[in-house]
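Peer 1: Supplied in structure tokens, the structure appears directly below.
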Amino acid sequence: MVAAAGDTIDAAAILAGLGIDPEGPVDPRQMIPAARYYAMLEQLAEQIDVTDLPVRAGASMQLDEYGALGLAFKAARTLGASYARVERYARLWTSVVAYELRPVAEGTLFILHRTGERHLGMRLSNEATLASAVAIARQVCPAPLSPLEVLVRHKAPHSIAAHQDWFGCPVNFGAELDAILFANETLARQNILGDEGISRYLISHLDAELSEITRETSLVTQTRAAIAQALSEGTPKMTQIARDLGLSARSFHRRLSEHGMNFQTLTEETRRDLAEGLLRDGGHSLAEIAFLTGFSEQSAFTRAFKRWFGTTPAAYRKDLPGG
């Protein structure tokens with residue numbers, strides 16, 4: 001997305017702000033929190049016209065940038081089998097999006113599932129994801145490929161000319177799903193590089209990776225829950241949470257760091273998510289929310305919340321539906 005934004009932005013500064021080394025190697029396994037990513041996209045929107053940015057970004061995606069999953073997509077026999085691998089193994093490159101292949105009367109929908117409020121950042125990300133799904137399909141398809149229809153849940157931008165030109169089919173905003181409708185004949189096409197032997201090897205590799213991530217996700221989920229429970233007594237210590245989970249501090253730190261995570265980041269994200277959830281719930285005062293998220297003073301909570309969301313807790317609550 002940053003590359004597609006062009007030369008008028010300070011790409012190095014934006015990437016550094018996300019914790020990404022602009023000069024470092026590409027690592028498909030490196031992840032950043034979704035909220036931070038959406039905020040970055042909204043930062044771009046303040047600097048440039050982002051109407052067709054998602055299309056340009058999605059169109060630029062290459063299968064080689066998806067690591068082993070990209071190779072498995074190439075090696076599948078048919079395009080339908082390629083998308084089935086995305087449906088199964090997407091967790092290897094994202095924790096906030098799930099995919100579904102759903103047969104319908106007109107063909108098959110490749111559906112993007114992503115929860116959360118559809119602020120601008122998420123809308124841009126969803127459009128780019130749909131565009132990239134077509135981009136990688138065209139890299140394995142032996143003939144020109146266009147979907148039957150593209151569905152987008154949010155309202156259309158001021159122009160959708162770039163979207164329709166890229167997809168080569170009607171793009172309908174304000175739909176009930178974020179999805180791409182393919183003819184079954186299209187999904188049945190043989191891929192250029194389909195290879196059963198390579199597929200078996202890659203699938204075994206991906207299954208092992210997925211199993212490992214599933215185990216670690218359980219640890220992260222348990223850690224977040226333990227942090228949330230401990231916050232009312234102040235900022236929790238890593239040694240305390242490790243002990244609660246039956247681990248030594250060293251083992252706990254190692255298991256988190258092996259997957260690009262650390263205790264401080266998890267604590268910050270848990271605080272932020274808990275604060276937002278409590279504000280939306282509406283059943284607690286700001287002072288109570290400050291206490292429940294581990295702040296000794298409401299003023300400290302307000303400063304942290306403004307750092308997370310760019311506004312005060314009171315203003316955020318006021319802007320909520322019915323606030």
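Identifiers in this document derive from the order of the structure tokens: chains are assigned A, B, ..., residues are numbered from 1 separately in each chain, and ligands are numbered from 1 in order of occurrence.
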If you count only C-alpha atoms, which residues fall within 8 Å of Tyr99 in chain A, apart from same-chain ones fewer than 2 positions away, as a ChimeraX atom specification?

Peer 2: /A:86-88,90,97,101,110-113

Peer 1: Quick one: everything within 12 Å of Asn172 in chain A, counting only C-alpha atoms, minus sequence neighbours fewer than 4 positions away in the same chain. Send it as a ChimeraX atom specification.

Peer 2: /A:127,148-157,160-161,163-164,167,176-181

Peer 1: As an exercise, work out the distance from CA of Phe252 in chain A to CA of Ala230 in chain A in Å and give it to one decimal place.

Peer 2: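 Distance reported for this atom pair: 16.9 Å.
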
Peer 1: Find, counting only C-alpha atoms, the residue in A:Gly277, A:Gly107, A:Gly234, A:Pro170 that gets nearest to Gly294 in chain A.

Peer 2: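 Counting only C-alpha atoms, the residue closest to Gly294 in chain A is A:Gly234.
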
Peer 1: For Glu269 in chain A, which of A:Ser251, A:Thr223, A:Ser82, A:Ser257 is the closest residue, counting only C-alpha atoms?

Peer 2: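 Smallest separation from Glu269 in chain A among the options: A:Thr223.
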
Peer 1: Measuring between only C-alpha atoms, which one of A:Glu268, A:Glu297, A:Glu185, A:Asp27 shows the shortest distance to Gly80 in chain A?

Peer 2: A:Glu185

Peer 1: Excluding same-chain residues fewer than 3 positions from Asn262 in chain A, what lies within 12 Å of it counting only C-alpha atoms, as a PDB file with C-alpha atoms, in the first residue's frame?

Peer 2:
```
ATOM      1  CA  VAL A 220      -1.658 -15.361  23.195  1.00  0.00           C
ATOM      2  CA  THR A 223      -2.072 -14.116  27.956  1.00  0.00           C
ATOM      3  CA  ARG A 224      -4.547 -11.422  26.921  1.00  0.00           C
ATOM      4  CA  MET A 238       5.467 -10.304  32.998  1.00  0.00           C
ATOM      5  CA  ALA A 249       9.462 -15.808  32.795  1.00  0.00           C
ATOM      6  CA  ARG A 250      12.282 -16.900  30.461  1.00  0.00           C
ATOM      7  CA  PHE A 252       7.213 -17.177  28.467  1.00  0.00           C
ATOM      8  CA  HIS A 253       9.360 -14.435  26.895  1.00  0.00           C
ATOM      9  CA  ARG A 254      10.946 -16.915  24.468  1.00  0.00           C
ATOM     10  CA  ARG A 255       7.626 -18.360  23.292  1.00  0.00           C
ATOM     11  CA  LEU A 256       6.212 -14.901  22.629  1.00  0.00           C
ATOM     12  CA  SER A 257       9.349 -13.582  20.899  1.00  0.00           C
ATOM     13  CA  GLU A 258       9.575 -16.634  18.613  1.00  0.00           C
ATOM     14  CA  HIS A 259       6.370 -15.396  16.999  1.00  0.00           C
ATOM     15  CA  THR A 265       2.939  -4.942  23.183  1.00  0.00           C
ATOM     16  CA  LEU A 266       0.322  -7.486  24.283  1.00  0.00           C
ATOM     17  CA  THR A 267      -0.334  -5.479  27.437  1.00  0.00           C
ATOM     18  CA  GLU A 268      -0.739  -2.252  25.467  1.00  0.00           C
ATOM     19  CA  GLU A 269      -3.059  -3.866  22.913  1.00  0.00           C
TER      20      GLU A 269
END
```

Peer 1: Just want the 10 Å neighbourhood of Asn191 in chain A, counted on only C-alpha atoms, with same-chain residues fewer than 6 positions away dropped. Output as a list in words.

Peer 2: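 Near Asn191 in chain A, the qualifying residues are Phe73, Lys74, Ala75, Ala76, Arg77, Thr78, Leu79, Gly80, Ala81, Ser82, Ala137, Arg138, Gln139, Val140, Cys141, Pro142 and Ala143 of chain A.
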
Peer 1: Restrict the selected residues to C-alpha atoms and save them as a short mmCIF file (atom, residue, chain, number, x, y, z; two decimals), in the first residue's frame.

Peer 2:
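Output file again.cif is given in full below:
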```
data_model
loop_
_atom_site.label_atom_id
_atom_site.label_comp_id
_atom_site.auth_asym_id
_atom_site.auth_seq_id
_atom_site.Cartn_x
_atom_site.Cartn_y
_atom_site.Cartn_z
CA PHE A 73 -1.44 -21.39 -4.67
CA LYS A 74 0.68 -21.79 -7.83
CA ALA A 75 1.04 -25.55 -7.46
CA ALA A 76 -2.67 -26.32 -7.09
CA ARG A 77 -4.21 -28.04 -10.11
CA THR A 78 -7.08 -25.61 -10.61
CA LEU A 79 -7.92 -22.05 -9.64
CA GLY A 80 -10.67 -23.36 -7.37
CA ALA A 81 -8.12 -25.51 -5.55
CA SER A 82 -5.84 -22.48 -5.25
CA ALA A 137 -5.47 -15.61 -9.80
CA ARG A 138 -4.38 -13.99 -13.06
CA GLN A 139 -0.80 -15.09 -12.35
CA VAL A 140 -1.75 -18.78 -12.51
CA CYS A 141 -4.57 -18.71 -15.05
CA PRO A 142 -3.71 -19.75 -18.64
CA ALA A 143 -6.37 -17.44 -20.14
#
```

Peer 1: Pick out the residues sitting within 10 Å of Tyr316 in chain A, and hand them over as a tab-separated table (two decimals) with N, CA and C atoms, in the first residue's frame; count only C-alpha atoms, and ignore anything fewer than 2 positions along from it in its own chain.

Peer 2:
```
chain	number	residue	atom	x	y	z
A	276	GLU	N	-11.65	0.34	24.68
A	276	GLU	CA	-12.62	0.60	23.62
A	276	GLU	C	-13.91	-0.19	23.86
A	279	LEU	N	-15.92	1.37	26.69
A	279	LEU	CA	-16.57	2.62	26.25
A	279	LEU	C	-17.81	2.32	25.42
A	280	ARG	N	-17.71	1.33	24.55
A	280	ARG	CA	-18.85	0.99	23.70
A	280	ARG	C	-19.99	0.38	24.53
A	305	PHE	N	-5.36	7.00	25.84
A	305	PHE	CA	-6.43	6.79	24.87
A	305	PHE	C	-6.25	7.71	23.66
A	306	LYS	N	-5.83	8.94	23.92
A	306	LYS	CA	-5.62	9.87	22.82
A	306	LYS	C	-4.47	9.40	21.94
A	309	PHE	N	-6.12	6.38	19.85
A	309	PHE	CA	-7.21	6.64	18.92
A	309	PHE	C	-7.26	8.05	18.36
A	310	GLY	N	-6.36	8.92	18.81
A	310	GLY	CA	-6.32	10.28	18.28
A	310	GLY	C	-7.41	11.18	18.80
A	311	THR	N	-8.12	10.75	19.84
A	311	THR	CA	-9.18	11.56	20.44
A	311	THR	C	-9.31	11.18	21.91
A	312	THR	N	-10.06	11.95	22.66
A	312	THR	CA	-10.24	11.65	24.07
A	312	THR	C	-11.33	10.60	24.27
A	313	PRO	N	-11.34	9.90	25.42
A	313	PRO	CA	-12.40	8.92	25.67
A	313	PRO	C	-13.79	9.55	25.64
A	314	ALA	N	-13.92	10.75	26.19
A	314	ALA	CA	-15.24	11.41	26.21
A	314	ALA	C	-15.72	11.70	24.79
A	318	LYS	N	-18.92	10.07	22.78
A	318	LYS	CA	-19.94	10.97	22.25
A	318	LYS	C	-20.23	10.68	20.78
A	319	ASP	N	-19.19	10.26	20.03
A	319	ASP	CA	-19.34	10.01	18.60
A	319	ASP	C	-19.94	8.63	18.29
A	320	LEU	N	-20.08	7.79	19.32
A	320	LEU	CA	-20.66	6.47	19.10
A	320	LEU	C	-22.15	6.60	18.79
A	323	GLY	N	-24.51	7.92	21.29
A	323	GLY	CA	-23.68	8.50	22.35
A	323	GLY	C	-24.09	9.89	22.75
```

Peer 1: Could you work out how far CA of Thr293 in chain A lies from CA of Ser248 in chain A, giving the answer in Å with one decimal?

Peer 2: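 These atoms are spaced 24.9 Å apart.
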
Peer 1: In Å to one decimal, how far is CA of Tyr66 in chain A from CA of Thr270 in chain A?

Peer 2: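 These two atoms are separated by 28.4 Å.
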
Peer 1: Find, counting only C-alpha atoms, the residue in A:Asn184, A:Gln222, A:Ser299, A:Thr94 that gets nearest to Glu106 in chain A.

Peer 2: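 So, comparing all the options, the nearest one is A:Asn184.
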
Peer 1: Mind the document's chain letters and residue numbers, and return as a list of chain:residue names the residues of range 65-157 of chain A that DSSP labels strand (DSSP E or B).

Peer 2: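 Here are the strand (DSSP E or B) residues of range 65-157 of chain A: A:Thr78, A:Ala98, A:Tyr99, A:Glu100, A:Leu101, A:Arg102, A:Pro103, A:Val104, A:Gly107, A:Thr108, A:Leu109, A:Phe110, A:Ile111, A:Leu112, A:His113, A:Glu149, A:Val150, A:Leu151, A:Val152.
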
Peer 1: At a cut-off of 12 Å, using only C-alpha atoms, what residues contact Ala45 in chain A? Leave out same-chain residues fewer than 3 positions from it and give the result as a list in words.

Peer 2: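 Residues near the query, excluding close chain neighbours: Met1, Val2, Ala5, Ile9, Tyr38, Ala39, Met40, Leu41, Glu42, Ile48, Asp49, Val50, Thr51, Asp52, Leu53, Pro54, Leu120, Gly121, Arg123 and Leu124 of chain A.
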
Peer 1: Report the residues of range 119-162 of chain A whose backbone DSSP state falls under alpha helix (DSSP H), written as a list in words.

Peer 2: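 DSSP on the backbone gives alpha helix (DSSP H) at Leu120, Gly121, Met122, Arg123, Leu124, Ser125, Asn126, Glu127, Ala128, Thr129, Leu130, Ala131, Ser132, Ala133, Val134, Ala135, Ile136, Ala137, Arg138, Ala161 and Ala162 of chain A.
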
Peer 1: List as a PyMOL selection string the protein and nucleic acid residues near Gly19 in chain A, meaning an atom at most 10 Å away when only C-alpha atoms are counted, but skip any in the same chain fewer than 4 places from it.

Peer 2: chain A and resi 13-15+31-32
